[in-house]
file entry.cif (mmCIF, C-alpha atoms)
data_work
loop_
_atom_site.label_atom_id
_atom_site.label_comp_id
_atom_site.auth_asym_id
_atom_site.auth_seq_id
_atom_site.Cartn_x
_atom_site.Cartn_y
_atom_site.Cartn_z
CA MET S 143 75.99 92.55 103.92
CA ASP S 144 76.33 96.04 102.49
CA MET S 145 78.75 95.46 99.59
CA THR S 146 79.41 99.17 99.03
CA ALA S 147 80.38 99.71 102.65
CA LEU S 148 82.52 96.56 102.60
CA ALA S 149 84.26 97.68 99.40
CA VAL S 150 85.01 101.12 100.85
CA PHE S 151 86.29 99.58 104.09
CA ALA S 152 88.42 97.05 102.19
CA PHE S 153 89.92 99.73 99.97
CA ALA S 154 90.60 102.18 102.81
CA THR S 155 92.31 99.59 105.01
CA SER S 156 94.23 97.95 102.15
CA ILE S 157 95.62 101.11 100.53
CA ALA S 158 96.55 102.75 103.85
CA PRO S 159 100.24 102.62 104.78
CA GLY S 160 101.23 99.68 106.93
CA PRO S 161 103.89 96.99 107.15
CA ASN S 162 102.91 95.26 103.89
CA THR S 163 102.58 98.43 101.85
CA LEU S 164 105.90 99.82 103.07
CA MET S 165 107.70 96.55 102.38
CA LEU S 166 106.12 96.27 98.93
CA TRP S 167 107.13 99.84 98.15
CA GLY S 168 110.70 99.00 99.16
CA SER S 169 110.62 95.76 97.19
CA GLY S 170 109.34 97.54 94.08
CA MET S 171 111.97 100.24 94.45
CA ASN S 172 114.86 97.84 94.98
CA PHE S 173 113.85 94.91 92.76
CA GLY S 174 111.10 96.08 90.40
CA LEU S 175 107.48 94.99 90.08
CA ARG S 176 108.14 91.76 88.18
CA ARG S 177 110.65 90.47 90.75
CA SER S 178 108.25 91.46 93.55
CA THR S 179 105.41 89.32 92.16
CA ALA S 180 106.02 86.38 94.52
CA HIS S 181 106.07 88.83 97.45
CA LEU S 182 102.74 90.29 96.26
CA LEU S 183 101.16 86.85 95.86
CA GLY S 184 102.34 85.78 99.32
CA VAL S 185 100.86 88.92 100.87
CA ASN S 186 97.50 88.41 99.18
CA LEU S 187 97.17 84.67 99.77
CA GLY S 188 98.39 85.04 103.35
CA PHE S 189 96.02 87.92 103.99
CA GLY S 190 93.11 85.97 102.50
CA SER S 191 93.87 82.91 104.62
CA VAL S 192 94.01 85.01 107.81
CA MET S 193 90.71 86.71 106.87
CA PHE S 194 89.09 83.33 106.26
CA ALA S 195 90.46 81.87 109.52
CA VAL S 196 89.15 84.83 111.49
CA SER S 197 85.79 84.55 109.72
CA VAL S 198 85.33 80.93 110.69
CA GLY S 199 86.12 81.61 114.33
CA LEU S 200 89.79 82.17 115.08
CA GLY S 201 89.07 85.79 116.00
CA ALA S 202 86.93 84.54 118.89
CA VAL S 203 89.92 82.60 120.24
CA PHE S 204 91.95 85.81 120.42
CA GLU S 205 89.14 87.66 122.14
CA ARG S 206 88.67 84.89 124.70
CA TYR S 207 92.38 84.17 125.31
CA SER S 208 94.20 87.48 125.37
CA PRO S 209 97.65 85.88 125.95
CA VAL S 210 97.41 84.40 122.44
CA GLU S 211 96.74 87.86 121.01
CA ASP S 212 99.56 89.34 123.11
CA ALA S 213 102.00 86.66 121.88
CA LEU S 214 101.00 87.40 118.28
CA LYS S 215 101.58 91.11 118.86
CA ILE S 216 105.04 90.46 120.35
CA LEU S 217 106.06 88.10 117.53
CA GLY S 218 104.75 90.54 114.94
CA SER S 219 106.65 93.41 116.51
CA ILE S 220 109.90 91.48 116.63
CA TYR S 221 109.56 90.44 113.00
CA LEU S 222 108.67 93.98 111.93
CA LEU S 223 111.76 95.31 113.71
CA TYR S 224 113.88 92.70 111.91
CA LEU S 225 112.39 93.72 108.56
CA ALA S 226 112.89 97.41 109.36
CA TYR S 227 116.53 96.66 110.12
CA ARG S 228 116.89 94.68 106.90
CA ILE S 229 115.36 97.46 104.80
CA ALA S 230 117.31 100.25 106.50
CA ARG S 231 120.56 98.28 106.23
CA SER S 232 119.96 97.87 102.51
CA ALA S 233 121.03 101.51 102.43
CA ASP S 234 124.55 100.24 103.12
CA GLY S 235 126.17 99.06 99.91
CA ALA S 236 127.69 96.00 101.62
CA GLU S 237 124.33 94.90 103.00
CA MET S 238 122.56 95.61 99.72
CA GLY S 239 125.00 93.24 98.06
CA ARG S 240 123.73 90.47 100.35
CA ILE S 241 120.05 91.29 99.83
CA THR S 242 119.71 90.15 96.26
CA LYS S 243 116.04 89.26 96.15
CA PRO S 244 112.71 90.41 97.54
CA LEU S 245 110.76 88.41 100.10
CA SER S 246 109.79 85.03 98.72
CA PHE S 247 106.20 83.85 98.40
CA ARG S 248 106.60 81.74 101.56
CA GLU S 249 108.22 84.54 103.57
CA ALA S 250 105.50 87.02 102.60
CA LEU S 251 102.73 84.50 103.27
CA ALA S 252 104.16 83.58 106.69
CA PHE S 253 104.54 87.24 107.62
CA GLN S 254 100.76 87.72 107.34
CA TYR S 255 100.28 85.44 110.35
CA VAL S 256 102.32 87.76 112.58
CA ASN S 257 101.35 91.06 110.93
CA PRO S 258 99.17 92.87 113.49
CA LYS S 259 97.53 95.09 110.84
CA VAL S 260 96.26 92.02 108.98
CA TRP S 261 94.66 90.65 112.14
CA VAL S 262 93.09 93.99 113.06
CA MET S 263 91.73 94.42 109.52
CA SER S 264 90.36 90.87 109.52
CA ILE S 265 88.72 91.05 112.94
CA SER S 266 87.21 94.46 112.12
CA ALA S 267 85.87 93.25 108.76
CA VAL S 268 84.39 90.09 110.25
CA GLY S 269 82.79 92.00 113.11
CA ALA S 270 81.20 94.57 110.81
CA PHE S 271 80.53 92.76 107.54
CA LEU S 272 80.27 88.97 107.94
CA PRO S 273 77.05 88.11 106.08
CA SER S 274 74.20 86.64 108.08
CA GLY S 275 71.74 84.08 106.76
CA MET S 276 74.51 81.95 105.21
CA SER S 277 76.53 79.02 106.47
CA VAL S 278 79.71 80.06 108.27
CA PHE S 279 81.81 78.64 105.43
CA SER S 280 79.83 80.46 102.70
CA ALA S 281 79.75 83.73 104.61
CA SER S 282 83.50 83.50 105.31
CA ALA S 283 84.30 82.66 101.69
CA THR S 284 82.18 85.57 100.42
CA LEU S 285 83.72 88.10 102.79
CA THR S 286 87.24 86.86 102.07
CA ALA S 287 86.74 86.88 98.29
CA VAL S 288 85.43 90.45 98.24
CA PHE S 289 88.21 91.68 100.52
CA VAL S 290 91.02 89.94 98.59
CA PHE S 291 89.59 91.16 95.27
CA ILE S 292 90.03 94.74 96.50
CA HIS S 293 93.17 94.14 98.57
CA ALA S 294 95.26 92.70 95.71
CA PRO S 295 95.25 95.75 93.42
CA SER S 296 95.49 98.12 96.40
CA VAL S 297 98.79 96.71 97.63
CA THR S 298 100.05 96.27 94.06
CA VAL S 299 99.82 100.05 93.71
CA TRP S 300 102.50 100.36 96.41
CA ALA S 301 104.88 97.94 94.67
CA ALA S 302 104.29 99.73 91.35
CA ALA S 303 104.92 103.13 92.96
CA GLY S 304 108.13 101.79 94.48
CA THR S 305 109.16 100.53 91.05
CA ALA S 306 108.54 103.97 89.54
CA ILE S 307 110.53 105.64 92.32
CA GLY S 308 113.32 103.10 91.88
CA LYS S 309 113.67 104.10 88.23
CA VAL S 310 114.08 107.74 89.25
CA LEU S 311 116.41 107.07 92.18
CA THR S 312 119.46 105.93 90.28
CA ASN S 313 121.78 107.62 92.75
CA ASP S 314 122.84 105.11 95.45
CA ARG S 315 122.91 107.81 98.12
CA ARG S 316 119.31 108.86 97.47
CA ARG S 317 118.18 105.24 97.32
CA ALA S 318 119.94 104.67 100.66
CA ILE S 319 118.05 107.62 102.18
CA VAL S 320 114.69 106.22 100.99
CA ASN S 321 115.54 102.73 102.29
CA THR S 322 116.49 104.20 105.67
CA LEU S 323 113.24 106.17 105.72
CA LEU S 324 111.25 103.00 104.95
CA GLY S 325 113.02 101.22 107.81
CA VAL S 326 112.21 104.07 110.20
CA LEU S 327 108.56 104.07 109.08
CA LEU S 328 108.32 100.34 109.82
CA VAL S 329 109.72 100.96 113.29
CA GLY S 330 107.02 103.63 113.61
CA THR S 331 104.32 101.06 112.85
CA VAL S 332 105.66 98.91 115.70
CA PHE S 333 105.59 101.93 118.01
CA LEU S 334 101.96 102.61 117.05
CA LEU S 335 101.01 99.05 117.99
CA TRP S 336 102.08 99.64 121.57
CA VAL S 337 100.72 103.12 122.26
#
call {"tool": "encode", "arguments": {"input": "entry.cif", "output": "structure tokens"}}
result
Amino acid sequence: MDMTALAVFAFATSIAPGPNTLMLWGSGMNFGLRRSTAHLLGVNLGFGSVMFAVSVGLGAVFERYSPVEDALKILGSIYLLYLAYRIARSADGAEMGRITKPLSFREALAFQYVNPKVWVMSISAVGAFLPSGMSVFSASATLTAVFVFIHAPSVTVWAAAGTAIGKVLTNDRRRAIVNTLLGVLLVGTVFLLWV
């Protein structure tokens, strides 16, 4: 396994905009980094568990049984549209009053199992970088550990950036515009899944 190539791949795919990064940006902006910690932990543990599952063979199930992959894509799209709606609606003062906390650890962890980007990243990483000459468990654990080690600070950057933006956007109207933009960008990620 080429660790440098894996590290570059892990960084590039983790820092790139996607559903998790957009939601973490919004969470940081609306709730701050400290209150978004459970969301961050759920994203990272969920991502790591998907990576490990794909490494030990779940990816082969999706390749062999395309209806399973299609169902995952549909569920992920529906959930992303719901989250986009929730974020965009937080632009409305009445809705924002009801959204008083970021995603919980459990919600963020569960989302990873229907997040198409996480599955694509995991399958790509396993296909290109799964170490040979090791047991499946050891190779999977190594790949997952390296990826999560790089993934965690990469997505934390987005929550921290959202927190910084949230401190500047004290005007409710401007904050509403940014929340609406984040919702639209999430809808765009769903659109990209289907084209």
call {"tool": "residues_around", "arguments": {"input": "entry.cif", "residues": "segment 293-297 of chain S", "least_positions_apart": "2", "cutoff": "7 Å", "atoms": "all atoms listed in the file", "output": "ChimeraX atom specification"}}
result
/S:152-153,156-157,163,186,289-291,299-301
call {"tool": "residues_around", "arguments": {"input": "entry.cif", "residues": "Pro161 of chain S", "least_positions_apart": "3", "cutoff": "9 Å", "atoms": "only C-alpha atoms", "output": "VMD selection string"}}
result
chain S and resid 164 to 166 222 257 to 259 327 to 328 331 to 332
call {"tool": "residues_near_point", "arguments": {"input": "entry.cif", "point": "(92.6, 83.7, 107.5)", "cutoff": "10 Å", "atoms": "only C-alpha atoms", "output": "PDB file with C-alpha atoms, in the coordinates of the input"}}
result
ATOM      1  CA  LEU S 187      97.170  84.670  99.770  1.00  0.00           C
ATOM      2  CA  GLY S 188      98.390  85.040 103.350  1.00  0.00           C
ATOM      3  CA  PHE S 189      96.020  87.920 103.990  1.00  0.00           C
ATOM      4  CA  GLY S 190      93.110  85.970 102.500  1.00  0.00           C
ATOM      5  CA  SER S 191      93.870  82.910 104.620  1.00  0.00           C
ATOM      6  CA  VAL S 192      94.010  85.010 107.810  1.00  0.00           C
ATOM      7  CA  MET S 193      90.710  86.710 106.870  1.00  0.00           C
ATOM      8  CA  PHE S 194      89.090  83.330 106.260  1.00  0.00           C
ATOM      9  CA  ALA S 195      90.460  81.870 109.520  1.00  0.00           C
ATOM     10  CA  VAL S 196      89.150  84.830 111.490  1.00  0.00           C
ATOM     11  CA  SER S 197      85.790  84.550 109.720  1.00  0.00           C
ATOM     12  CA  VAL S 198      85.330  80.930 110.690  1.00  0.00           C
ATOM     13  CA  GLY S 199      86.120  81.610 114.330  1.00  0.00           C
ATOM     14  CA  LEU S 200      89.790  82.170 115.080  1.00  0.00           C
ATOM     15  CA  GLY S 201      89.070  85.790 116.000  1.00  0.00           C
ATOM     16  CA  GLN S 254     100.760  87.720 107.340  1.00  0.00           C
ATOM     17  CA  TYR S 255     100.280  85.440 110.350  1.00  0.00           C
ATOM     18  CA  VAL S 260      96.260  92.020 108.980  1.00  0.00           C
ATOM     19  CA  TRP S 261      94.660  90.650 112.140  1.00  0.00           C
ATOM     20  CA  SER S 264      90.360  90.870 109.520  1.00  0.00           C
ATOM     21  CA  ILE S 265      88.720  91.050 112.940  1.00  0.00           C
ATOM     22  CA  SER S 282      83.500  83.500 105.310  1.00  0.00           C
ATOM     23  CA  THR S 286      87.240  86.860 102.070  1.00  0.00           C
TER      24      THR S 286
END
call {"tool": "atom_distance", "arguments": {"input": "entry.cif", "atom1": "atom CA of Phe247 of chain S", "atom2": "atom CA of Ala226 of chain S"}}
result
18.7 Å
call {"tool": "residues_near_point", "arguments": {"input": "entry.cif", "point": "(79.0, 94.5, 110.6)", "cutoff": "12 Å", "atoms": "only C-alpha atoms", "output": "MDAnalysis selection string"}}
result
chainID S and resid 143:145 147:148 151 264:274 285
call {"tool": "closest_residue", "arguments": {"input": "entry.cif", "among": "S:Thr179, S:Asn162, S:Ala213, S:Ala303", "to": "Lys243 of chain S", "atoms": "only C-alpha atoms"}}
result
S:Thr179
call {"tool": "closest_residue", "arguments": {"input": "entry.cif", "among": "S:Pro159, S:Gly184, S:Gly170, S:Gly304", "to": "Arg248 of chain S", "atoms": "all atoms listed in the file"}}
result
S:Gly184
call {"tool": "residues_around", "arguments": {"input": "entry.cif", "residues": "Thr305 of chain S", "least_positions_apart": "6", "cutoff": "9 Å", "atoms": "all atoms listed in the file", "output": "list in words"}}
result
Trp167, Gly168, Ser169, Gly170, Met171, Asn172, Phe173, Gly174 and Leu175 of chain S
call {"tool": "write_last_selection", "arguments": {"input": "entry.cif", "atoms": "C-alpha atoms", "output": "PDB file, in the coordinates of the input"}}
result
ATOM      1  CA  TRP S 167     107.130  99.840  98.150  1.00  0.00           C
ATOM      2  CA  GLY S 168     110.700  99.000  99.160  1.00  0.00           C
ATOM      3  CA  SER S 169     110.620  95.760  97.190  1.00  0.00           C
ATOM      4  CA  GLY S 170     109.340  97.540  94.080  1.00  0.00           C
ATOM      5  CA  MET S 171     111.970 100.240  94.450  1.00  0.00           C
ATOM      6  CA  ASN S 172     114.860  97.840  94.980  1.00  0.00           C
ATOM      7  CA  PHE S 173     113.850  94.910  92.760  1.00  0.00           C
ATOM      8  CA  GLY S 174     111.100  96.080  90.400  1.00  0.00           C
ATOM      9  CA  LEU S 175     107.480  94.990  90.080  1.00  0.00           C
TER      10      LEU S 175
END
call {"tool": "atom_distance", "arguments": {"input": "entry.cif", "atom1": "atom CA of Ile319 of chain S", "atom2": "atom CA of Leu225 of chain S"}}
result
16.3 Å
call {"tool": "atom_distance", "arguments": {"input": "entry.cif", "atom1": "atom CA of Thr284 of chain S", "atom2": "atom CA of Ala149 of chain S"}}
result
12.3 Å
call {"tool": "closest_residue", "arguments": {"input": "entry.cif", "among": "S:Val326, S:Ala287, S:Val262, S:Met276", "to": "Ile229 of chain S", "atoms": "all atoms listed in the file"}}
result
S:Val326
call {"tool": "closest_residue", "arguments": {"input": "entry.cif", "among": "S:Arg177, S:Lys309, S:Arg317, S:Lys215", "to": "Thr242 of chain S", "atoms": "only C-alpha atoms"}}
result
S:Arg177
call {"tool": "closest_residue", "arguments": {"input": "entry.cif", "among": "S:Ala158, S:Val278, S:Val185, S:Ala283", "to": "Ala250 of chain S", "atoms": "only C-alpha atoms"}}
result
S:Val185
call {"tool": "closest_residue", "arguments": {"input": "entry.cif", "among": "S:Val310, S:His181, S:Arg206, S:Thr298", "to": "Phe253 of chain S", "atoms": "only C-alpha atoms"}}
result
S:His181
